[in-house]
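Peer 1: Sharing coords_32.cif below, mmCIF, C-alpha atoms and all ligand atoms:
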data_work
#
loop_
_atom_site.label_atom_id
_atom_site.label_comp_id
_atom_site.auth_asym_id
_atom_site.auth_seq_id
_atom_site.Cartn_x
_atom_site.Cartn_y
_atom_site.Cartn_z
CA MET V 271 35.51 -48.40 -26.76
CA SER V 272 33.84 -45.34 -25.29
CA ILE V 273 34.21 -41.79 -26.52
CA ARG V 274 36.93 -40.03 -24.58
CA PRO V 275 35.95 -36.59 -23.30
CA ASP V 276 39.21 -34.89 -24.24
CA ASP V 277 39.09 -35.96 -27.90
CA ARG V 278 37.08 -32.89 -28.80
CA VAL V 279 36.42 -30.23 -26.16
CA CYS V 280 33.54 -27.91 -26.99
CA LEU V 281 32.11 -24.87 -25.24
CA THR V 282 28.50 -23.71 -25.18
CA ASN V 283 27.28 -20.60 -27.03
CA ASP V 284 27.38 -18.43 -23.92
CA GLU V 285 30.91 -19.51 -23.09
CA ILE V 286 32.16 -17.21 -25.88
CA PRO V 287 34.31 -14.74 -23.91
CA LYS V 288 32.59 -11.46 -22.97
CA ASN V 289 35.83 -9.47 -22.89
CA TRP V 290 39.04 -9.35 -24.85
CA TYR V 291 42.21 -9.74 -22.78
CA ASN V 292 44.69 -6.87 -22.99
CA ILE V 293 48.24 -7.99 -22.19
CA SER V 294 49.34 -4.35 -21.79
CA ALA V 295 47.78 -4.46 -18.32
CA ASP V 296 50.24 -7.13 -17.20
CA LEU V 297 53.51 -6.42 -19.03
CA PRO V 298 56.41 -5.57 -16.70
CA GLU V 299 57.65 -3.15 -19.41
CA PRO V 300 55.08 -1.38 -21.61
CA ILE V 301 54.96 -1.73 -25.39
CA PRO V 302 56.77 1.35 -26.77
CA PRO V 303 54.35 3.88 -28.37
CA HIS V 304 53.94 4.15 -32.13
CA LEU V 305 55.60 7.27 -33.56
CA HIS V 306 54.40 9.72 -36.18
CA PRO V 307 56.56 9.21 -39.31
CA GLY V 308 57.06 12.99 -39.73
CA THR V 309 57.47 14.36 -36.20
CA LYS V 310 58.77 11.16 -34.53
CA GLU V 311 56.46 12.06 -31.61
CA PRO V 312 54.00 9.48 -30.23
CA VAL V 313 50.97 9.13 -32.51
CA THR V 314 47.83 10.91 -31.29
CA LEU V 315 44.14 10.23 -31.81
CA ASP V 316 44.13 13.07 -34.35
CA ASP V 317 46.85 11.38 -36.44
CA TRP V 318 45.08 8.04 -36.19
CA LYS V 319 41.44 8.81 -36.83
CA GLY V 320 41.66 9.72 -40.53
CA ILE V 321 42.94 6.23 -41.23
CA PHE V 322 41.53 3.90 -38.57
CA SER V 323 38.36 3.81 -36.47
CA LYS V 324 38.38 5.83 -33.25
CA ALA V 325 37.42 2.75 -31.25
CA SER V 326 40.58 1.02 -32.43
CA TRP V 327 42.66 3.93 -31.10
CA TYR V 328 41.37 3.49 -27.55
CA GLN V 329 42.07 -0.21 -27.81
CA GLU V 330 45.53 0.43 -29.29
CA VAL V 331 46.69 2.45 -26.28
CA SER V 332 44.53 1.02 -23.49
CA THR V 333 46.04 -0.58 -20.40
CA ASP V 334 42.71 -1.96 -19.13
CA ARG V 335 42.98 -5.70 -18.64
CA CYS V 336 39.47 -6.50 -19.92
CA ILE V 337 37.84 -4.76 -22.87
CA PRO V 338 34.16 -5.64 -23.41
CA ILE V 339 33.20 -7.40 -26.64
CA PRO V 340 30.07 -5.70 -28.07
CA GLU V 341 26.97 -7.88 -28.20
CA GLU V 342 26.73 -7.62 -32.04
CA VAL V 343 30.32 -8.83 -32.32
CA ARG V 344 29.66 -11.81 -30.03
CA ASP V 345 26.58 -12.62 -32.15
CA ALA V 346 28.71 -12.54 -35.30
CA TYR V 347 31.38 -14.68 -33.60
CA LEU V 348 28.69 -17.25 -32.83
CA MET V 349 27.32 -17.20 -36.36
CA LEU V 350 30.82 -17.65 -37.79
CA GLY V 351 31.67 -20.71 -35.75
CA ARG V 352 32.78 -19.62 -32.29
CA PRO V 353 33.49 -21.10 -29.86
CA SER V 354 35.83 -23.39 -31.83
CA PRO V 355 36.71 -26.86 -30.51
CA LEU V 356 39.99 -27.90 -28.92
CA GLN V 357 40.83 -31.31 -30.30
CA ARG V 358 43.24 -34.11 -29.37
CA ALA V 359 45.49 -35.45 -32.15
CA ARG V 360 45.41 -39.10 -31.07
CA ARG V 361 46.18 -40.58 -34.46
CA LEU V 362 49.15 -38.26 -34.87
CA GLU V 363 50.38 -39.25 -31.39
CA ALA V 364 50.05 -42.95 -32.32
CA PHE V 365 51.86 -42.42 -35.63
CA LEU V 366 54.74 -40.66 -33.85
CA LYS V 367 54.68 -43.28 -31.05
CA THR V 368 55.07 -40.45 -28.58
CA PRO V 369 54.03 -40.40 -24.92
CA ALA V 370 53.19 -36.68 -25.42
CA LYS V 371 49.58 -35.52 -25.65
CA ILE V 372 48.95 -33.22 -28.60
CA TYR V 373 45.98 -30.84 -28.77
CA PHE V 374 45.06 -28.28 -31.42
CA LYS V 375 42.67 -25.36 -31.55
CA ARG V 376 40.37 -25.38 -34.59
CA GLU V 377 40.61 -21.88 -36.09
CA ASP V 378 40.42 -23.61 -39.49
CA LEU V 379 36.65 -23.97 -39.04
CA SER V 380 35.63 -20.36 -39.65
CA PRO V 381 33.89 -19.67 -43.00
CA ALA V 382 36.93 -17.69 -44.17
CA GLY V 383 39.14 -20.65 -43.26
CA SER V 384 41.29 -18.95 -40.62
CA HIS V 385 41.38 -17.02 -37.33
CA LYS V 386 41.25 -13.68 -39.19
CA PRO V 387 37.49 -12.99 -38.84
CA ASN V 388 38.10 -12.63 -35.08
CA SER V 389 39.50 -9.17 -35.79
CA ALA V 390 37.81 -8.43 -39.15
CA ILE V 391 34.38 -8.57 -37.48
CA PRO V 392 35.05 -6.01 -34.73
CA GLN V 393 37.02 -3.75 -37.08
CA ALA V 394 34.16 -3.62 -39.59
CA TYR V 395 31.66 -3.23 -36.74
CA TYR V 396 33.37 -0.22 -35.14
CA ASN V 397 33.79 1.51 -38.51
CA MET V 398 30.15 0.88 -39.39
CA LYS V 399 29.15 2.38 -36.02
CA GLU V 400 31.24 5.47 -36.84
CA GLY V 401 29.40 5.96 -40.14
CA ILE V 402 32.10 4.59 -42.45
CA GLU V 403 30.88 2.95 -45.67
CA ASN V 404 34.04 1.59 -47.27
CA LEU V 405 37.14 -0.19 -45.95
CA THR V 406 40.44 -0.65 -47.76
CA THR V 407 43.02 -3.24 -46.91
CA GLU V 408 45.86 -5.42 -48.14
CA THR V 409 46.08 -9.17 -48.23
CA GLY V 410 48.96 -11.59 -48.67
CA ALA V 411 47.74 -15.14 -49.06
CA GLY V 412 44.20 -13.79 -49.29
CA GLN V 413 43.11 -14.89 -45.80
CA TRP V 414 42.80 -11.42 -44.33
CA GLY V 415 41.13 -10.09 -47.47
CA SER V 416 38.59 -12.92 -47.34
CA ALA V 417 37.93 -12.28 -43.66
CA LEU V 418 37.43 -8.53 -44.10
CA ALA V 419 35.30 -9.11 -47.21
CA LEU V 420 33.13 -11.43 -45.12
CA ALA V 421 32.93 -8.91 -42.26
CA CYS V 422 32.03 -6.05 -44.62
CA ALA V 423 29.27 -8.17 -46.19
CA HIS V 424 28.00 -8.89 -42.67
CA PHE V 425 27.73 -5.19 -41.79
CA ASP V 426 26.69 -4.00 -45.30
CA MET V 427 29.90 -2.15 -46.08
CA ARG V 428 32.04 -1.96 -49.21
CA CYS V 429 35.58 -3.30 -49.25
CA THR V 430 38.62 -2.73 -51.52
CA VAL V 431 41.49 -5.21 -51.26
CA TYR V 432 45.06 -4.95 -52.59
CA MET V 433 46.31 -8.51 -52.96
CA VAL V 434 50.05 -9.25 -53.19
CA ARG V 435 50.61 -10.21 -56.83
CA VAL V 436 52.35 -13.54 -56.24
CA SER V 437 49.33 -14.72 -54.19
CA TYR V 438 46.88 -13.21 -56.67
CA ASP V 439 48.46 -15.44 -59.32
CA GLN V 440 48.91 -18.52 -57.06
CA LYS V 441 45.47 -18.35 -55.42
CA PRO V 442 42.73 -17.31 -57.86
CA PHE V 443 40.02 -18.85 -55.67
CA ARG V 444 40.89 -16.53 -52.78
CA ARG V 445 40.20 -13.58 -55.04
CA LEU V 446 36.89 -15.11 -56.09
CA ILE V 447 35.86 -15.58 -52.46
CA MET V 448 36.43 -11.87 -51.82
CA GLU V 449 34.49 -10.98 -54.95
CA THR V 450 31.68 -13.33 -53.91
CA TYR V 451 31.37 -11.36 -50.67
CA GLY V 452 31.17 -8.20 -52.80
CA SER V 453 34.70 -6.81 -52.50
CA LYS V 454 36.86 -5.22 -55.19
CA VAL V 455 40.27 -6.89 -55.55
CA PHE V 456 43.43 -5.55 -57.25
CA ALA V 457 46.79 -7.29 -57.71
CA SER V 458 49.48 -5.24 -55.92
CA PRO V 459 51.59 -3.44 -57.04
CA SER V 460 48.68 -2.05 -59.08
CA ASN V 461 47.99 0.80 -61.45
CA GLU V 462 45.27 2.06 -59.09
CA THR V 463 47.56 4.12 -56.89
CA GLU V 464 50.42 6.54 -57.34
CA TYR V 465 52.66 4.38 -55.18
CA GLY V 466 51.74 1.20 -57.08
CA ARG V 467 52.51 2.89 -60.40
CA SER V 468 55.88 4.08 -59.10
CA VAL V 469 56.84 0.53 -58.10
CA LEU V 470 55.70 -0.92 -61.43
CA GLN V 471 57.68 1.66 -63.35
CA LYS V 472 60.91 0.43 -61.77
CA ALA V 473 59.98 -3.27 -61.71
CA PRO V 474 57.10 -4.27 -64.01
CA ASP V 475 57.30 -7.92 -62.79
CA HIS V 476 57.44 -7.09 -59.09
CA PRO V 477 55.95 -10.05 -57.10
CA GLY V 478 54.54 -7.63 -54.54
CA THR V 479 54.92 -7.56 -50.75
CA LEU V 480 52.56 -6.92 -47.87
CA GLY V 481 54.42 -3.67 -47.25
CA ILE V 482 53.64 -2.37 -50.76
CA ALA V 483 50.02 -3.51 -50.60
CA ILE V 484 49.57 -1.71 -47.26
CA SER V 485 50.92 1.50 -48.83
CA GLU V 486 48.43 1.19 -51.70
CA ALA V 487 45.49 0.52 -49.37
CA ILE V 488 46.34 3.52 -47.17
CA GLU V 489 46.76 5.80 -50.20
CA THR V 490 43.30 4.77 -51.45
CA CYS V 491 41.79 5.30 -48.00
CA ILE V 492 43.22 8.83 -47.79
CA HIS V 493 41.79 9.82 -51.18
CA GLN V 494 38.24 8.46 -50.79
CA PRO V 495 35.42 9.89 -48.66
CA GLN V 496 33.77 7.80 -45.91
CA THR V 497 36.65 5.35 -46.17
CA ARG V 498 39.01 3.90 -43.64
CA TYR V 499 41.79 1.41 -43.62
CA SER V 500 41.92 -1.86 -41.77
CA LEU V 501 45.00 -3.92 -40.87
CA GLY V 502 44.78 -7.67 -40.29
CA SER V 503 47.69 -8.13 -37.91
CA VAL V 504 50.62 -6.33 -36.23
CA LEU V 505 48.77 -3.59 -34.30
CA ASN V 506 47.86 -3.95 -30.60
CA HIS V 507 44.10 -3.82 -31.18
CA VAL V 508 44.32 -6.74 -33.62
CA MET V 509 46.24 -8.83 -31.06
CA LEU V 510 43.55 -7.87 -28.54
CA HIS V 511 40.66 -9.08 -30.73
CA GLN V 512 42.34 -12.43 -31.28
CA THR V 513 42.50 -13.18 -27.54
CA VAL V 514 39.03 -14.64 -27.83
CA VAL V 515 40.95 -17.73 -29.06
CA GLY V 516 43.30 -18.09 -26.09
CA GLN V 517 40.57 -17.46 -23.55
CA GLU V 518 38.50 -20.25 -25.05
CA VAL V 519 41.56 -22.53 -24.97
CA MET V 520 42.03 -21.79 -21.27
CA GLN V 521 38.43 -22.72 -20.51
CA GLN V 522 38.79 -25.87 -22.59
CA MET V 523 42.03 -26.94 -20.92
CA LYS V 524 40.39 -26.42 -17.54
CA LYS V 525 37.47 -28.64 -18.51
CA ILE V 526 39.78 -31.57 -19.21
CA ASP V 527 42.24 -30.64 -16.48
CA ILE V 528 45.43 -30.25 -18.48
CA THR V 529 48.29 -27.78 -18.14
CA PRO V 530 50.33 -27.29 -21.30
CA ASP V 531 54.10 -27.70 -21.32
CA TYR V 532 54.18 -26.04 -24.73
CA MET V 533 51.85 -23.66 -26.56
CA ILE V 534 52.81 -23.26 -30.19
CA GLY V 535 51.68 -20.90 -32.95
CA CYS V 536 52.99 -19.74 -36.30
CA VAL V 537 53.88 -16.06 -36.68
CA GLY V 538 53.45 -13.77 -39.68
CA GLY V 539 52.46 -10.41 -38.22
CA GLY V 540 51.84 -12.22 -34.93
CA SER V 541 48.06 -12.09 -34.41
CA ASN V 542 47.09 -15.77 -34.21
CA PHE V 543 50.03 -16.52 -31.93
CA ALA V 544 49.20 -13.52 -29.73
CA GLY V 545 45.52 -14.37 -29.53
CA PHE V 546 46.22 -17.98 -28.71
CA SER V 547 49.00 -17.40 -26.17
CA PHE V 548 48.58 -13.96 -24.51
CA PRO V 549 45.95 -14.99 -21.95
CA MET V 550 48.31 -17.78 -20.78
CA ILE V 551 51.39 -15.53 -21.02
CA GLY V 552 49.54 -13.06 -18.78
CA GLU V 553 49.20 -15.85 -16.20
CA LYS V 554 52.85 -16.78 -16.62
CA ILE V 555 53.88 -13.19 -15.85
CA LYS V 556 51.98 -13.60 -12.56
CA GLY V 557 53.83 -16.87 -11.88
CA LYS V 558 50.77 -19.07 -12.43
CA ASN V 559 52.19 -21.46 -15.05
CA GLU V 560 55.47 -22.71 -16.45
CA THR V 561 54.38 -23.13 -20.04
CA GLU V 562 56.91 -22.51 -22.82
CA PHE V 563 55.48 -20.41 -25.65
CA ILE V 564 56.93 -21.17 -29.07
CA ALA V 565 56.53 -18.80 -32.05
CA VAL V 566 57.30 -20.44 -35.40
CA GLU V 567 58.34 -18.53 -38.53
CA PRO V 568 59.70 -19.43 -41.99
CA SER V 569 63.52 -19.49 -42.32
CA SER V 570 63.14 -17.20 -45.32
CA VAL V 571 61.32 -14.48 -43.31
CA PRO V 572 63.16 -14.65 -39.97
CA SER V 573 62.01 -11.43 -38.28
CA LEU V 574 61.96 -12.84 -34.72
CA THR V 575 64.98 -15.15 -35.02
CA LYS V 576 67.24 -12.82 -37.04
CA GLY V 577 65.62 -9.37 -37.17
CA GLU V 578 66.60 -6.25 -35.24
CA ASN V 579 64.39 -4.85 -32.48
CA ARG V 580 63.94 -1.20 -33.51
CA TYR V 581 61.48 1.37 -34.82
CA ASP V 582 60.47 0.67 -38.42
CA PHE V 583 57.60 1.35 -40.80
CA GLY V 584 54.77 -1.14 -41.12
CA ASP V 585 54.65 -0.60 -44.89
CA THR V 586 57.17 0.00 -47.68
CA ALA V 587 56.33 3.58 -48.68
CA GLY V 588 56.62 4.87 -45.09
CA MET V 589 53.00 5.97 -44.63
CA THR V 590 52.26 4.00 -41.45
CA PRO V 591 53.42 5.05 -38.01
CA LEU V 592 56.86 3.87 -36.93
CA VAL V 593 56.38 0.86 -34.66
CA LYS V 594 58.91 -0.76 -32.33
CA MET V 595 59.34 -4.33 -33.49
CA TYR V 596 61.65 -7.09 -34.62
CA THR V 597 62.11 -6.26 -38.29
CA LEU V 598 64.06 -7.27 -41.36
CA GLY V 599 63.68 -3.73 -42.73
CA CYS V 600 60.57 -2.34 -44.41
CA ASP V 601 62.07 -2.79 -47.89
CA PHE V 602 62.83 -6.49 -47.33
CA VAL V 603 61.37 -8.57 -50.19
CA PRO V 604 60.74 -12.10 -48.91
CA SER V 605 60.97 -15.01 -51.33
CA PRO V 606 57.58 -16.09 -52.68
CA ILE V 607 57.03 -19.05 -50.31
CA HIS V 608 53.60 -20.66 -50.23
CA ALA V 609 52.94 -19.57 -46.64
CA GLY V 610 51.98 -16.14 -48.00
CA GLY V 611 50.51 -15.08 -44.66
CA LEU V 612 53.96 -15.29 -43.08
CA ARG V 613 55.67 -13.06 -45.64
CA TYR V 614 55.87 -9.92 -43.52
CA HIS V 615 59.05 -7.98 -42.77
CA GLY V 616 58.21 -7.21 -39.14
CA MET V 617 56.54 -8.63 -36.05
CA ALA V 618 53.74 -7.16 -33.94
CA PRO V 619 55.09 -4.76 -31.27
CA ALA V 620 53.22 -6.76 -28.61
CA VAL V 621 54.75 -10.07 -29.74
CA SER V 622 58.13 -8.37 -30.12
CA GLN V 623 57.89 -7.07 -26.56
CA VAL V 624 57.00 -10.43 -24.94
CA THR V 625 59.82 -12.02 -26.97
CA LYS V 626 62.29 -9.35 -25.86
CA LEU V 627 61.20 -9.98 -22.26
CA GLY V 628 62.14 -13.65 -22.68
CA LEU V 629 58.57 -14.97 -22.48
CA VAL V 630 58.58 -16.50 -25.99
CA THR V 631 60.93 -18.93 -27.75
CA PRO V 632 61.17 -18.16 -31.49
CA VAL V 633 62.09 -20.94 -33.93
CA SER V 634 62.19 -21.17 -37.74
CA TYR V 635 61.77 -23.90 -40.35
CA GLU V 636 62.37 -24.33 -44.06
CA GLN V 637 59.36 -24.61 -46.35
CA ASN V 638 59.92 -28.29 -47.26
CA GLN V 639 60.01 -29.31 -43.59
CA THR V 640 56.66 -27.66 -42.94
CA PHE V 641 54.96 -29.30 -45.93
CA GLU V 642 56.26 -32.70 -44.81
CA ALA V 643 54.76 -32.12 -41.35
CA ALA V 644 51.50 -30.89 -42.91
CA ILE V 645 51.14 -34.09 -44.92
CA THR V 646 51.76 -36.25 -41.85
CA PHE V 647 49.04 -34.25 -40.08
CA ALA V 648 46.64 -34.54 -43.02
CA LYS V 649 47.10 -38.32 -43.26
CA THR V 650 46.68 -38.93 -39.54
CA GLU V 651 44.13 -36.30 -38.48
CA GLY V 652 42.33 -35.83 -41.81
CA ILE V 653 42.72 -32.05 -41.86
CA ILE V 654 44.83 -30.26 -44.49
CA PRO V 655 46.48 -27.34 -42.68
CA ALA V 656 47.23 -23.94 -44.20
CA PRO V 657 50.93 -23.66 -45.17
CA GLU V 658 51.18 -21.00 -42.43
CA SER V 659 49.69 -23.27 -39.75
CA SER V 660 51.97 -26.08 -40.94
CA HIS V 661 54.83 -24.23 -39.26
CA ALA V 662 53.08 -24.78 -35.92
CA VAL V 663 52.36 -28.42 -36.85
CA LYS V 664 56.06 -28.96 -37.56
CA ALA V 665 57.12 -27.51 -34.20
CA ALA V 666 54.47 -29.59 -32.38
CA ILE V 667 55.75 -32.77 -34.07
CA ASP V 668 59.33 -31.92 -33.13
CA LYS V 669 58.36 -31.39 -29.50
CA ALA V 670 56.43 -34.68 -29.52
CA LEU V 671 59.49 -36.51 -30.89
CA GLU V 672 61.71 -34.89 -28.28
CA ALA V 673 59.28 -36.10 -25.60
CA LYS V 674 59.54 -39.58 -27.08
CA LYS V 675 63.33 -39.51 -26.93
CA ASN V 676 63.25 -38.41 -23.30
CA ASN V 677 60.25 -40.61 -22.51
CA GLU V 678 58.27 -37.70 -21.06
CA GLU V 679 54.50 -37.28 -21.11
CA LYS V 680 54.51 -33.64 -22.25
CA VAL V 681 51.34 -31.74 -23.09
CA ILE V 682 51.58 -29.86 -26.39
CA VAL V 683 48.87 -27.44 -27.54
CA PHE V 684 49.09 -25.69 -30.88
CA ASN V 685 46.93 -23.31 -32.83
CA LEU V 686 45.66 -24.61 -36.16
CA SER V 687 45.25 -21.09 -37.53
CA GLY V 688 43.64 -22.17 -40.82
CA HIS V 689 42.95 -24.89 -43.37
CA GLY V 690 44.85 -25.33 -46.63
CA LEU V 691 42.07 -26.25 -49.02
CA LEU V 692 42.81 -23.18 -51.14
CA ASP V 693 46.56 -23.80 -51.03
CA MET V 694 46.66 -27.01 -52.99
CA VAL V 695 48.95 -25.57 -55.66
CA GLY V 696 51.67 -25.37 -53.00
CA TYR V 697 50.91 -28.91 -51.84
CA GLY V 698 51.06 -30.08 -55.45
CA ARG V 699 54.47 -28.55 -55.97
CA TYR V 700 55.75 -30.20 -52.78
CA LEU V 701 54.25 -33.59 -53.71
CA HIS V 702 55.76 -33.43 -57.18
CA GLY V 703 59.20 -32.49 -55.89
CA GLU V 704 59.18 -28.98 -57.34
CA LEU V 705 59.57 -27.05 -54.12
CA LYS V 706 62.85 -25.43 -53.12
CA ASN V 707 63.65 -24.14 -49.68
CA SER V 708 63.73 -20.39 -48.99
CA SER V 709 62.23 -19.63 -52.41
CA SER V 710 59.25 -20.67 -54.56
C1 LIG V 801 47.33 -14.66 -41.91
C2 LIG V 801 47.58 -16.00 -41.40
C3 LIG V 801 48.65 -16.26 -40.53
C4 LIG V 801 49.68 -15.24 -40.16
O1 LIG V 801 49.23 -14.06 -39.60
P1 LIG V 801 49.32 -13.75 -38.06
O2 LIG V 801 48.89 -12.36 -37.92
O3 LIG V 801 50.76 -13.98 -37.65
O4 LIG V 801 48.42 -14.71 -37.40
C5 LIG V 801 48.78 -17.53 -40.02
N1 LIG V 801 47.93 -18.52 -40.37
C6 LIG V 801 46.91 -18.31 -41.22
C7 LIG V 801 46.02 -19.45 -41.57
C8 LIG V 801 46.69 -17.05 -41.74
O5 LIG V 801 45.67 -16.84 -42.57
#
Spell out the structure here as structure tokens.
Peer 2:
Amino acid sequence: MSIRPDDRVCLTNDEIPKNWYNISADLPEPIPPHLHPGTKEPVTLDDWKGIFSKASWYQEVSTDRCIPIPEEVRDAYLMLGRPSPLQRARRLEAFLKTPAKIYFKREDLSPAGSHKPNSAIPQAYYNMKEGIENLTTETGAGQWGSALALACAHFDMRCTVYMVRVSYDQKPFRRLIMETYGSKVFASPSNETEYGRSVLQKAPDHPGTLGIAISEAIETCIHQPQTRYSLGSVLNHVMLHQTVVGQEVMQQMKKIDITPDYMIGCVGGGSNFAGFSFPMIGEKIKGKNETEFIAVEPSSVPSLTKGENRYDFGDTAGMTPLVKMYTLGCDFVPSPIHAGGLRYHGMAPAVSQVTKLGLVTPVSYEQNQTFEAAITFAKTEGIIPAPESSHAVKAAIDKALEAKKNNEEKVIVFNLSGHGLLDMVGYGRYLHGELKNSSS
């Protein structure tokens, strides 16, 4: 038997995209502007620049279709495993006895174990260029914290991470990865900030949320010199950075001459889904494909399937700008599911906008269903997916089974946003029958 060319589609070093793709250039209705929490007027560069890098502001509001990726960032992308392969899941197809073809993009191969360095690297880079020495951030499952810790080590910067307490307790190795890269890590809510102390006073056992951790990271950023804050998802410039993924996928699909019927990604704040799908959604807006884009979320954090589309805060204390998004309310406390990266009350304004425009189909699954799918994937393809990515795996399997029922040779492409090797406690609880749905 010969090796089949579409089993693993690779790109050469210089096929790493030279620009990020900005969907704002192609949207029939623009993403509504972020509003200042005090004045309710659109945020200005002056409001923004004490907290974020200036470069990120121009990217946040830009309507240019192509935004150049700096050479140093492309170098770092290369060093950290880009371009990543697109792989065919033949053994999964055989197991399901489906006529569908299933492909997946390998964002699990980065040193941090997820897609998150795609934005951590440019965010650290631009801050470093602007003379900033220290970044603060929050992390849920620990993936974003690990990615930013890695990026800060790469550009010789310091990094302070507020890690949602439930993950801090469930995932001690994530914390150690961040510390290995030289970052400081606190369980949030913490005693380090005024806001953290106020939460702990009311609820000493609070499991923490991303919203609270964001508030703590911003408070620390405001009170320290030469410090800025960095957000791992939700904002337009983060979606932009992740489009390196979807542009690679488009080149890879072209090489093996396939057109996807479905492109599937899990959604927490929305960045891996956006990065993976926006370049193809841009083409769909121009009438160049008929792909269905499926965003998968946990039933216990149903921002896209059950949230309201309105202005809300990105954090819990109300320090961030108001952003227009599908939201469950900024004080929503999601149950401590193992897909910690999907425990966010809102959805990126860009992903919210394409969903509102009818370009995305949102679906949701219970935790047990996603672990079952993850184990099928691990046994057939040999890769243990992150609990977050397992939501995409589950939707891909369902589409493959639907294709089987209808005897259709559909092409399914999903984003494997990360591996689950540091999430084995969750796997253990599933395997030993200790996992409930919609809770821990
Ligand atoms: C953080 C994370 C997610 C969710 O975040 P998005 O911004 O929605 O991509 C999904 N998968 C993995 C592996 C993650 O680390």
Peer 1: Can you pull out every residue within 8 Å of segment 295-310 of chain V, counting only C-alpha atoms, but drop anything in the same chain fewer than 4 positions away, and send it as a list in words?
Peer 2: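 Non-adjacent residues within range: Asp317, Thr333, Asp334, Arg335, Gly552, Ile555, Gly588, Met589, Thr590, Pro591, Leu592, Val593, Lys594, Pro619, Ala620, Gln623 and Val624 of chain V.
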Peer 1: So that I can check the surroundings of Ser660 of chain V, please list as a ChimeraX atom specification every protein, DNA and RNA residue that reaches within 7 Å of it, counting all atoms listed in the file and ignoring chain neighbours fewer than 6 positions away.
Peer 2: /V:640-641,643-644
Peer 1: From the options V:Tyr373, V:Trp318, V:Phe546, V:Phe365, which residue's atoms come nearest to ligand LIG 801 (chain V), counting all atoms listed in the file?
Peer 2: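 Comparing V:Tyr373, V:Trp318, V:Phe546, V:Phe365 against ligand LIG 801 (chain V), the winner is V:Phe546.
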Peer 1: Using atom CA of Pro530 of chain V and atom CA of Ile682 of chain V as the two end points, give the distance in Å to one decimal.
Peer 2: 5.8 Å
Peer 1: May I have the residues within 7 Å of ligand LIG 801 (chain V), computed using all atoms listed in the file, as a list in words?
Peer 2: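 Listed by chain and ascending number, the contacts are Ser384, His385, Lys386, Gln413, Trp414, Gly502, Ser503, Val504, Cys536, Val537, Gly538, Gly539, Gly540, Ser541, Asn542, Phe543, Gly611, Leu612, Ala656, Glu658, Ser659, Ser687, Gly688 and His689 of chain V.
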Peer 1: Using all atoms listed in the file for the distances, tell me which of V:Glu449, V:Glu678, V:Glu642, V:Asp601 is nearest to Tyr700 of chain V.
Peer 2: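 Going through V:Glu449, V:Glu678, V:Glu642, V:Asp601 one by one, the smallest distance to Tyr700 of chain V is for V:Glu642.
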Peer 1: Kindly give the distance, in Å, that separates atom CA of Ala565 of chain V and atom CA of Val313 of chain V, rounded to a single decimal.
Peer 2: 28.5 Å
Peer 1: Would you compute the distance between atom CA of Leu691 of chain V and atom CA of Arg376 of chain V? Give it in Å to one decimal.
Peer 2: 14.6 Å
Peer 1: Excluding Ala457 of chain V and residues on its chain fewer than 3 positions from it, collect all residues at most 10 Å away from it, counting all atoms listed in the file, and give them as an NGL selection string.
Peer 2: :V and (408-409 or 431-439 or 445 or 460-462 or 466 or 477-478 or 483)
Peer 1: Might you pull out every residue within 10 Å of Leu574 of chain V, with all atoms listed in the file counted and same-chain residues fewer than 5 positions away left off, and present them as a ChimeraX atom specification?
Peer 2: /V:537-538,565-567,579,595-598,615-617,621-622,625-626,631-634
Peer 1: Please report, as a Markdown table, each residue of segment 302-358 of chain V lying at most 7 Å from segment 391-403 of chain V, together with the nearest pair of atoms and the separation in Å rounded to one decimal; use all atoms listed in the file, and order rows by chain and ascending residue number.
Peer 2:
| residue | atom | partner | partner_atom | distance |
| --- | --- | --- | --- | --- |
| V:Ser323 | CA | V:Asn397 | CA | 5.5 |
| V:Ala325 | CA | V:Tyr396 | CA | 6.4 |
| V:Val343 | CA | V:Pro392 | CA | 6.0 |
Peer 1: With distances taken over all atoms listed in the file, which of V:Pro287, V:Gly320, V:Leu692, V:Arg278 is nearest to Thr513 of chain V?
Peer 2: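 Closest to Thr513 of chain V of all the choices is V:Pro287.
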